[in-house]
file input.pdb (PDB, C-alpha atoms, pLDDT in the B column)
ATOM      1  CA  MET A   8       0.000   0.000   0.000  1.00 96.00           C
ATOM      2  CA  ASP A   9       1.249   3.485  -0.939  1.00 98.00           C
ATOM      3  CA  VAL A  10       0.366   6.286   1.463  1.00 98.00           C
ATOM      4  CA  TYR A  11       1.158   9.966   0.968  1.00 98.00           C
ATOM      5  CA  LEU A  12       1.466  11.911   4.209  1.00 98.00           C
ATOM      6  CA  ILE A  13       1.150  15.592   3.234  1.00 98.00           C
ATOM      7  CA  ARG A  14       1.446  18.831   5.195  1.00 98.00           C
ATOM      8  CA  HIS A  15      -1.141  21.511   4.398  1.00 98.00           C
ATOM      9  CA  GLY A  16      -0.232  24.638   2.427  1.00 98.00           C
ATOM     10  CA  LYS A  17       0.882  27.911   4.009  1.00 98.00           C
ATOM     11  CA  THR A  18      -1.394  30.166   6.026  1.00 98.00           C
ATOM     12  CA  LYS A  19      -0.903  33.777   7.152  1.00 98.00           C
ATOM     13  CA  GLY A  20       0.136  32.419  10.561  1.00 97.00           C
ATOM     14  CA  ASN A  21       2.788  30.190   8.954  1.00 97.00           C
ATOM     15  CA  LEU A  22       4.215  33.204   7.091  1.00 97.00           C
ATOM     16  CA  GLU A  23       4.421  35.119  10.381  1.00 97.00           C
ATOM     17  CA  GLY A  24       6.054  32.203  12.260  1.00 96.00           C
ATOM     18  CA  ARG A  25       3.085  31.738  14.600  1.00 97.00           C
ATOM     19  CA  TYR A  26       2.150  28.617  16.588  1.00 96.00           C
ATOM     20  CA  ILE A  27      -1.003  27.662  14.707  1.00 96.00           C
ATOM     21  CA  GLY A  28      -2.761  24.679  16.267  1.00 96.00           C
ATOM     22  CA  THR A  29      -6.448  25.199  17.071  1.00 96.00           C
ATOM     23  CA  THR A  30      -6.646  28.509  15.168  1.00 97.00           C
ATOM     24  CA  ASP A  31      -8.780  27.584  12.159  1.00 98.00           C
ATOM     25  CA  GLU A  32      -7.353  29.872   9.525  1.00 97.00           C
ATOM     26  CA  PRO A  33      -7.557  29.390   5.738  1.00 98.00           C
ATOM     27  CA  LEU A  34      -4.695  29.061   3.285  1.00 98.00           C
ATOM     28  CA  CYS A  35      -3.056  32.305   2.225  1.00 98.00           C
ATOM     29  CA  GLU A  36      -2.618  33.134  -1.472  1.00 98.00           C
ATOM     30  CA  GLU A  37       1.008  31.949  -1.439  1.00 98.00           C
ATOM     31  CA  GLY A  38      -0.144  28.678   0.119  1.00 98.00           C
ATOM     32  CA  LYS A  39      -2.742  28.112  -2.593  1.00 98.00           C
ATOM     33  CA  GLN A  40      -0.229  28.884  -5.349  1.00 98.00           C
ATOM     34  CA  SER A  41       2.398  26.443  -4.062  1.00 97.00           C
ATOM     35  CA  LEU A  42      -0.212  23.678  -3.788  1.00 98.00           C
ATOM     36  CA  MET A  43      -1.387  24.349  -7.341  1.00 98.00           C
ATOM     37  CA  GLN A  44       2.232  24.058  -8.505  1.00 97.00           C
ATOM     38  CA  MET A  45       2.550  20.705  -6.683  1.00 97.00           C
ATOM     39  CA  ALA A  46      -0.701  19.553  -8.334  1.00 97.00           C
ATOM     40  CA  ASP A  47       0.417  20.723 -11.807  1.00 96.00           C
ATOM     41  CA  ALA A  48       3.752  18.923 -11.377  1.00 96.00           C
ATOM     42  CA  LYS A  49       1.837  15.768 -10.335  1.00 95.00           C
ATOM     43  CA  LYS A  50       3.942  15.440  -7.191  1.00 95.00           C
ATOM     44  CA  TYR A  51       1.095  13.463  -5.618  1.00 97.00           C
ATOM     45  CA  PRO A  52      -0.604  10.835  -7.820  1.00 95.00           C
ATOM     46  CA  ALA A  53      -4.314   9.983  -7.781  1.00 95.00           C
ATOM     47  CA  VAL A  54      -5.311   7.846  -4.792  1.00 97.00           C
ATOM     48  CA  GLU A  55      -8.175   5.555  -3.818  1.00 98.00           C
ATOM     49  CA  ALA A  56      -8.836   7.239  -0.458  1.00 98.00           C
ATOM     50  CA  LEU A  57      -8.274  10.688   1.025  1.00 98.00           C
ATOM     51  CA  PHE A  58      -8.208  11.509   4.743  1.00 98.00           C
ATOM     52  CA  VAL A  59      -7.828  14.970   6.261  1.00 98.00           C
ATOM     53  CA  SER A  60      -7.633  16.822   9.555  1.00 98.00           C
ATOM     54  CA  PRO A  61     -10.857  18.773  10.223  1.00 98.00           C
ATOM     55  CA  MET A  62      -8.959  22.092  10.130  1.00 98.00           C
ATOM     56  CA  LEU A  63      -9.848  24.406   7.216  1.00 98.00           C
ATOM     57  CA  ARG A  64      -6.243  24.670   5.987  1.00 98.00           C
ATOM     58  CA  CYS A  65      -6.098  20.882   5.504  1.00 98.00           C
ATOM     59  CA  ARG A  66      -9.491  20.594   3.841  1.00 98.00           C
ATOM     60  CA  GLU A  67      -8.618  23.409   1.413  1.00 98.00           C
ATOM     61  CA  SER A  68      -5.223  21.822   0.644  1.00 98.00           C
ATOM     62  CA  ALA A  69      -6.813  18.425  -0.043  1.00 98.00           C
ATOM     63  CA  LYS A  70      -9.311  19.954  -2.485  1.00 98.00           C
ATOM     64  CA  ILE A  71      -6.515  21.629  -4.460  1.00 98.00           C
ATOM     65  CA  LEU A  72      -4.340  18.501  -4.624  1.00 98.00           C
ATOM     66  CA  PHE A  73      -7.138  15.961  -5.129  1.00 98.00           C
ATOM     67  CA  PRO A  74     -10.104  17.887  -6.619  1.00 97.00           C
ATOM     68  CA  LYS A  75     -12.038  14.792  -7.713  1.00 94.00           C
ATOM     69  CA  GLN A  76     -11.539  12.695  -4.585  1.00 96.00           C
ATOM     70  CA  SER A  77     -14.104  12.552  -1.782  1.00 97.00           C
ATOM     71  CA  ILE A  78     -12.730  13.495   1.649  1.00 97.00           C
ATOM     72  CA  SER A  79     -12.923  11.592   4.939  1.00 98.00           C
ATOM     73  CA  VAL A  80     -12.408  13.925   7.923  1.00 98.00           C
ATOM     74  CA  VAL A  81     -10.584  12.398  10.916  1.00 98.00           C
ATOM     75  CA  SER A  82     -10.852  14.571  14.036  1.00 98.00           C
ATOM     76  CA  ASP A  83      -7.848  13.058  15.855  1.00 98.00           C
ATOM     77  CA  LEU A  84      -5.476  14.079  13.048  1.00 98.00           C
ATOM     78  CA  ARG A  85      -5.815  17.763  14.048  1.00 98.00           C
ATOM     79  CA  GLU A  86      -2.808  19.788  15.191  1.00 97.00           C
ATOM     80  CA  CYS A  87      -1.826  20.207  18.840  1.00 96.00           C
ATOM     81  CA  ASP A  88      -3.463  22.879  21.008  1.00 96.00           C
ATOM     82  CA  PHE A  89      -0.560  25.209  21.830  1.00 96.00           C
ATOM     83  CA  GLY A  90      -2.382  26.766  24.801  1.00 96.00           C
ATOM     84  CA  ARG A  91      -0.930  30.160  25.800  1.00 95.00           C
ATOM     85  CA  TYR A  92       1.420  30.081  22.796  1.00 96.00           C
ATOM     86  CA  GLU A  93      -1.452  29.640  20.309  1.00 97.00           C
ATOM     87  CA  ASN A  94      -1.373  32.165  17.437  1.00 97.00           C
ATOM     88  CA  LYS A  95       1.738  33.859  18.852  1.00 97.00           C
ATOM     89  CA  ASN A  96       5.241  33.981  17.393  1.00 96.00           C
ATOM     90  CA  PHE A  97       8.756  33.981  18.822  1.00 94.00           C
ATOM     91  CA  GLN A  98       8.948  37.791  19.063  1.00 95.00           C
ATOM     92  CA  GLU A  99       5.674  38.033  20.992  1.00 96.00           C
ATOM     93  CA  LEU A 100       6.750  35.288  23.405  1.00 96.00           C
ATOM     94  CA  SER A 101      10.316  36.480  24.026  1.00 93.00           C
ATOM     95  CA  GLY A 102      10.700  37.468  27.658  1.00 91.00           C
ATOM     96  CA  ASP A 103       8.105  34.902  28.776  1.00 93.00           C
ATOM     97  CA  ALA A 104       9.892  32.709  31.362  1.00 93.00           C
ATOM     98  CA  ASP A 105       7.620  29.706  30.697  1.00 93.00           C
ATOM     99  CA  TYR A 106       8.331  29.951  26.981  1.00 94.00           C
ATOM    100  CA  GLN A 107      12.078  30.122  27.571  1.00 94.00           C
ATOM    101  CA  ARG A 108      11.866  26.995  29.747  1.00 93.00           C
ATOM    102  CA  TRP A 109       9.888  25.272  26.967  1.00 91.00           C
ATOM    103  CA  LEU A 110      12.569  26.213  24.401  1.00 91.00           C
ATOM    104  CA  ASP A 111      15.345  25.031  26.740  1.00 93.00           C
ATOM    105  CA  SER A 112      13.573  21.670  27.060  1.00 90.00           C
ATOM    106  CA  ASN A 113      13.743  21.265  23.241  1.00 85.00           C
ATOM    107  CA  GLY A 114       9.945  21.426  23.140  1.00 83.00           C
ATOM    108  CA  THR A 115       9.387  18.534  25.551  1.00 84.00           C
ATOM    109  CA  LEU A 116       7.628  20.446  28.359  1.00 88.00           C
ATOM    110  CA  PRO A 117       3.799  20.718  28.184  1.00 88.00           C
ATOM    111  CA  PHE A 118       2.285  23.816  26.572  1.00 92.00           C
ATOM    112  CA  PRO A 119       0.852  26.013  29.382  1.00 92.00           C
ATOM    113  CA  ALA A 120      -2.977  25.628  29.259  1.00 93.00           C
ATOM    114  CA  GLY A 121      -2.558  23.530  26.107  1.00 94.00           C
ATOM    115  CA  GLU A 122      -2.521  19.880  25.088  1.00 94.00           C
ATOM    116  CA  GLU A 123      -0.088  17.446  26.691  1.00 91.00           C
ATOM    117  CA  GLN A 124       2.417  16.491  23.970  1.00 90.00           C
ATOM    118  CA  SER A 125       2.320  12.788  24.808  1.00 92.00           C
ATOM    119  CA  HIS A 126      -1.478  12.856  24.415  1.00 94.00           C
ATOM    120  CA  PHE A 127      -1.229  14.721  21.101  1.00 96.00           C
ATOM    121  CA  ARG A 128       1.316  12.294  19.656  1.00 96.00           C
ATOM    122  CA  LYS A 129      -0.602   9.236  20.838  1.00 97.00           C
ATOM    123  CA  ARG A 130      -3.915  10.375  19.333  1.00 98.00           C
ATOM    124  CA  CYS A 131      -2.241  11.099  15.961  1.00 98.00           C
ATOM    125  CA  VAL A 132      -0.617   7.657  15.875  1.00 98.00           C
ATOM    126  CA  GLU A 133      -3.837   5.880  16.895  1.00 98.00           C
ATOM    127  CA  ALA A 134      -5.797   7.773  14.212  1.00 98.00           C
ATOM    128  CA  PHE A 135      -3.229   6.716  11.589  1.00 98.00           C
ATOM    129  CA  LYS A 136      -3.406   3.073  12.709  1.00 98.00           C
ATOM    130  CA  THR A 137      -7.208   3.171  12.410  1.00 98.00           C
ATOM    131  CA  ILE A 138      -6.896   4.522   8.844  1.00 98.00           C
ATOM    132  CA  VAL A 139      -4.428   1.782   7.862  1.00 98.00           C
ATOM    133  CA  ALA A 140      -6.705  -0.919   9.315  1.00 96.00           C
ATOM    134  CA  GLU A 141      -9.622   0.484   7.314  1.00 96.00           C
ATOM    135  CA  LEU A 142      -7.592   0.594   4.079  1.00 97.00           C
ATOM    136  CA  LEU A 143      -6.365  -2.984   4.540  1.00 95.00           C
ATOM    137  CA  GLU A 144      -9.877  -4.206   5.292  1.00 95.00           C
ATOM    138  CA  GLN A 145     -11.274  -2.454   2.196  1.00 96.00           C
ATOM    139  CA  LYS A 146      -8.337  -3.685   0.083  1.00 95.00           C
ATOM    140  CA  LYS A 147      -7.373  -0.177  -1.000  1.00 96.00           C
ATOM    141  CA  TYR A 148      -3.799   0.195  -2.160  1.00 96.00           C
ATOM    142  CA  SER A 149      -3.258   3.962  -2.185  1.00 98.00           C
ATOM    143  CA  ALA A 150      -4.256   6.844   0.071  1.00 98.00           C
ATOM    144  CA  ALA A 151      -3.339  10.427   0.885  1.00 98.00           C
ATOM    145  CA  ILE A 152      -3.543  11.982   4.344  1.00 98.00           C
ATOM    146  CA  VAL A 153      -3.460  15.803   4.450  1.00 98.00           C
ATOM    147  CA  VAL A 154      -2.551  16.987   7.919  1.00 98.00           C
ATOM    148  CA  HIS A 155      -0.200  19.157  10.001  1.00 98.00           C
ATOM    149  CA  GLY A 156       3.547  19.180  10.562  1.00 97.00           C
ATOM    150  CA  GLY A 157       3.194  17.942  14.141  1.00 97.00           C
ATOM    151  CA  THR A 158       0.859  15.151  13.076  1.00 98.00           C
ATOM    152  CA  ILE A 159       3.340  13.922  10.457  1.00 98.00           C
ATOM    153  CA  MET A 160       6.257  14.037  12.906  1.00 98.00           C
ATOM    154  CA  SER A 161       4.255  12.124  15.522  1.00 98.00           C
ATOM    155  CA  ILE A 162       3.323   9.337  13.104  1.00 98.00           C
ATOM    156  CA  LEU A 163       6.784   8.881  11.604  1.00 98.00           C
ATOM    157  CA  GLU A 164       8.667   9.060  14.900  1.00 98.00           C
ATOM    158  CA  ALA A 165       6.481   6.236  16.235  1.00 98.00           C
ATOM    159  CA  LEU A 166       6.017   4.003  13.183  1.00 98.00           C
ATOM    160  CA  ALA A 167       8.803   4.478  10.613  1.00 98.00           C
ATOM    161  CA  GLU A 168      11.295   1.621  10.225  1.00 97.00           C
ATOM    162  CA  GLU A 169      14.038   4.262  10.055  1.00 96.00           C
ATOM    163  CA  LYS A 170      14.460   5.559  13.589  1.00 96.00           C
ATOM    164  CA  LYS A 171      14.668   9.344  13.792  1.00 97.00           C
ATOM    165  CA  ALA A 172      13.745  11.906  16.441  1.00 94.00           C
ATOM    166  CA  PHE A 173      10.439  13.827  16.290  1.00 93.00           C
ATOM    167  CA  TYR A 174      11.852  17.077  14.869  1.00 92.00           C
ATOM    168  CA  ASP A 175      13.999  15.227  12.311  1.00 96.00           C
ATOM    169  CA  TRP A 176      10.782  14.384  10.419  1.00 98.00           C
ATOM    170  CA  GLN A 177       9.874  18.061   9.970  1.00 97.00           C
ATOM    171  CA  VAL A 178       8.588  18.941   6.509  1.00 97.00           C
ATOM    172  CA  GLY A 179       7.666  22.233   4.800  1.00 97.00           C
ATOM    173  CA  ASN A 180       4.182  23.355   3.837  1.00 98.00           C
ATOM    174  CA  ALA A 181       2.693  21.440   0.861  1.00 98.00           C
ATOM    175  CA  MET A 182       5.506  18.888   1.151  1.00 98.00           C
ATOM    176  CA  GLY A 183       5.244  15.352   2.441  1.00 98.00           C
ATOM    177  CA  TYR A 184       6.392  11.750   2.495  1.00 98.00           C
ATOM    178  CA  HIS A 185       5.670   8.768   0.275  1.00 98.00           C
ATOM    179  CA  LEU A 186       5.225   5.737   2.539  1.00 98.00           C
ATOM    180  CA  TYR A 187       4.981   2.036   1.785  1.00 98.00           C
ATOM    181  CA  ILE A 188       3.041  -0.279   4.067  1.00 97.00           C
ATOM    182  CA  SER A 189       3.397  -4.022   3.659  1.00 95.00           C
ATOM    183  CA  ASP A 190       0.372  -5.989   4.861  1.00 91.00           C
ATOM    184  CA  GLU A 191       2.612  -8.624   6.462  1.00 91.00           C
ATOM    185  CA  THR A 192       5.006  -6.181   8.202  1.00 93.00           C
ATOM    186  CA  TRP A 193       2.134  -4.044   9.431  1.00 96.00           C
ATOM    187  CA  LYS A 194       0.265  -6.996  10.927  1.00 92.00           C
ATOM    188  CA  LYS A 195       3.418  -8.293  12.633  1.00 95.00           C
ATOM    189  CA  ARG A 196       5.043  -5.066  13.880  1.00 95.00           C
ATOM    190  CA  GLN A 197       2.964  -2.045  12.804  1.00 96.00           C
ATOM    191  CA  ARG A 198       5.888  -0.472  10.975  1.00 97.00           C
ATOM    192  CA  LEU A 199       6.054   1.448   7.688  1.00 98.00           C
ATOM    193  CA  THR A 200       8.794   2.311   5.211  1.00 98.00           C
ATOM    194  CA  VAL A 201       9.492   5.889   4.117  1.00 98.00           C
ATOM    195  CA  LEU A 202      10.270   5.706   0.386  1.00 98.00           C
ATOM    196  CA  GLU A 203      10.911   9.392  -0.277  1.00 97.00           C
ATOM    197  CA  LYS A 204      10.455  12.947   0.932  1.00 98.00           C
ATOM    198  CA  ILE A 205       8.355  14.931  -1.548  1.00 97.00           C
ATOM    199  CA  THR A 206       9.442  18.554  -2.043  1.00 95.00           C
TER     200      THR A 206
END

call {"tool": "encode", "arguments": {"input": "input.pdb", "output": "structure tokens"}}
result
Amino acid sequence: MDVYLIRHGKTKGNLEGRYIGTTDEPLCEEGKQSLMQMADAKKYPAVEALFVSPMLRCRESAKILFPKQSISVVSDLRECDFGRYENKNFQELSGDADYQRWLDSNGTLPFPAGEEQSHFRKRCVEAFKTIVAELLEQKKYSAAIVVHGGTIMSILEALAEEKKAFYDWQVGNAMGYHLYISDETWKKRQRLTVLEKIT
């Protein structure tokens, strides 16, 4: 099975370096244009199934990349709630002692008044496993999943055969990964192979 794990296109918040988790903003014009270029270049082939985060930026991205494909919305694929850091950028948070501690921890401390990172990562991985089980049961051999950077990093850190740290799986807007899932390997060990990074 071929699965394309794709990060949504750019939003105004992305351009301004903001922590955009629960903020439901649309794609900006630059974001739409880069997705259209990816679609024109056929970076992502047609698929049998399409899953997306419920956030507007993901739904809009999926429609640009796969205009003829019906969309299945999966709530647990949504981005993390960044709590007090939500919709703020580095400049606005500089001088905040909690934020400095969070940076010093390499992003491992909880977000104040936000979602616990371990909970966020677990729900993303469980949502992905549910999708794979559904695809295998329906005997579908290709799918795309349009989500968030944090969602992608959570899934690949936990399930990729190649062991890499969470932030090492970071990918730019509109970019993604082409994954291969073998029925046998998945049933034995729930592991996937990353074939390529799509840029």

call {"tool": "atom_distance", "arguments": {"input": "input.pdb", "atom1": "atom CA of Glu141 of chain A", "atom2": "atom CA of Met43 of chain A"}}
result
29.2 Å

call {"tool": "atom_distance", "arguments": {"input": "input.pdb", "atom1": "atom CA of Pro52 of chain A", "atom2": "atom CA of Pro33 of chain A"}}
result
24.0 Å

call {"tool": "closest_atom_pairs", "arguments": {"input": "input.pdb", "of": "segment 90-187 of chain A", "to": "segment 54-77 of chain A", "cutoff": "10 Å", "atoms": "all atoms listed in the file", "output": "CSV"}}
result
residue,atom,partner,partner_atom,distance
A:Phe135,CA,A:Phe58,CA,9.7
A:Ile138,CA,A:Phe58,CA,8.2
A:Leu142,CA,A:Ala56,CA,8.1
A:Lys147,CA,A:Glu55,CA,6.4
A:Tyr148,CA,A:Glu55,CA,7.1
A:Ser149,CA,A:Val54,CA,5.1
A:Ala150,CA,A:Ala56,CA,4.6
A:Ala151,CA,A:Leu57,CA,4.9
A:Ile152,CA,A:Phe58,CA,4.7
A:Val153,CA,A:Val59,CA,4.8
A:Val154,CA,A:Ser60,CA,5.3
A:His155,CA,A:Cys65,CA,7.6
A:Thr158,CA,A:Ser60,CA,9.3
A:Ala181,CA,A:Ser68,CA,7.9

call {"tool": "resolve_selection", "arguments": {"input": "input.pdb", "expression": "the PyMOL selection byres ((chain A and resi 95-97) around 8)", "output": "PyMOL selection string"}}
result
chain A and resi 23-27+92-94+98-101

call {"tool": "closest_residue", "arguments": {"input": "input.pdb", "among": "A:Val80, A:Val139, A:Cys87, A:Ile13", "to": "Ala120 of chain A", "atoms": "only C-alpha atoms"}}
result
A:Cys87

call {"tool": "atom_distance", "arguments": {"input": "input.pdb", "atom1": "atom CA of Pro117 of chain A", "atom2": "atom CA of Gly157 of chain A"}}
result
14.3 Å

call {"tool": "closest_residue", "arguments": {"input": "input.pdb", "among": "A:Leu84, A:Ala140, A:Leu22, A:Ala104", "to": "Ile159 of chain A", "atoms": "all atoms listed in the file"}}
result
A:Leu84

call {"tool": "closest_residue", "arguments": {"input": "input.pdb", "among": "A:Gly179, A:Tyr174, A:Ser189, A:Glu169", "to": "Ile205 of chain A", "atoms": "all atoms listed in the file"}}
result
A:Gly179

call {"tool": "residues_around", "arguments": {"input": "input.pdb", "residues": "Ser125 of chain A", "least_positions_apart": "4", "cutoff": "12 Å", "atoms": "only C-alpha atoms", "output": "ChimeraX atom specification"}}
result
/A:87,114-118,121,129-132,157,161,165,173

call {"tool": "residues_around", "arguments": {"input": "input.pdb", "residues": "Lys171 of chain A", "least_positions_apart": "4", "cutoff": "12 Å", "atoms": "all atoms listed in the file", "output": "number ranges by chain"}}
result
A: 160-167, 175-177, 201

call {"tool": "closest_residue", "arguments": {"input": "input.pdb", "among": "A:Lys170, A:Ser82, A:Lys146, A:Gly102", "to": "Ala134 of chain A", "atoms": "only C-alpha atoms"}}
result
A:Ser82
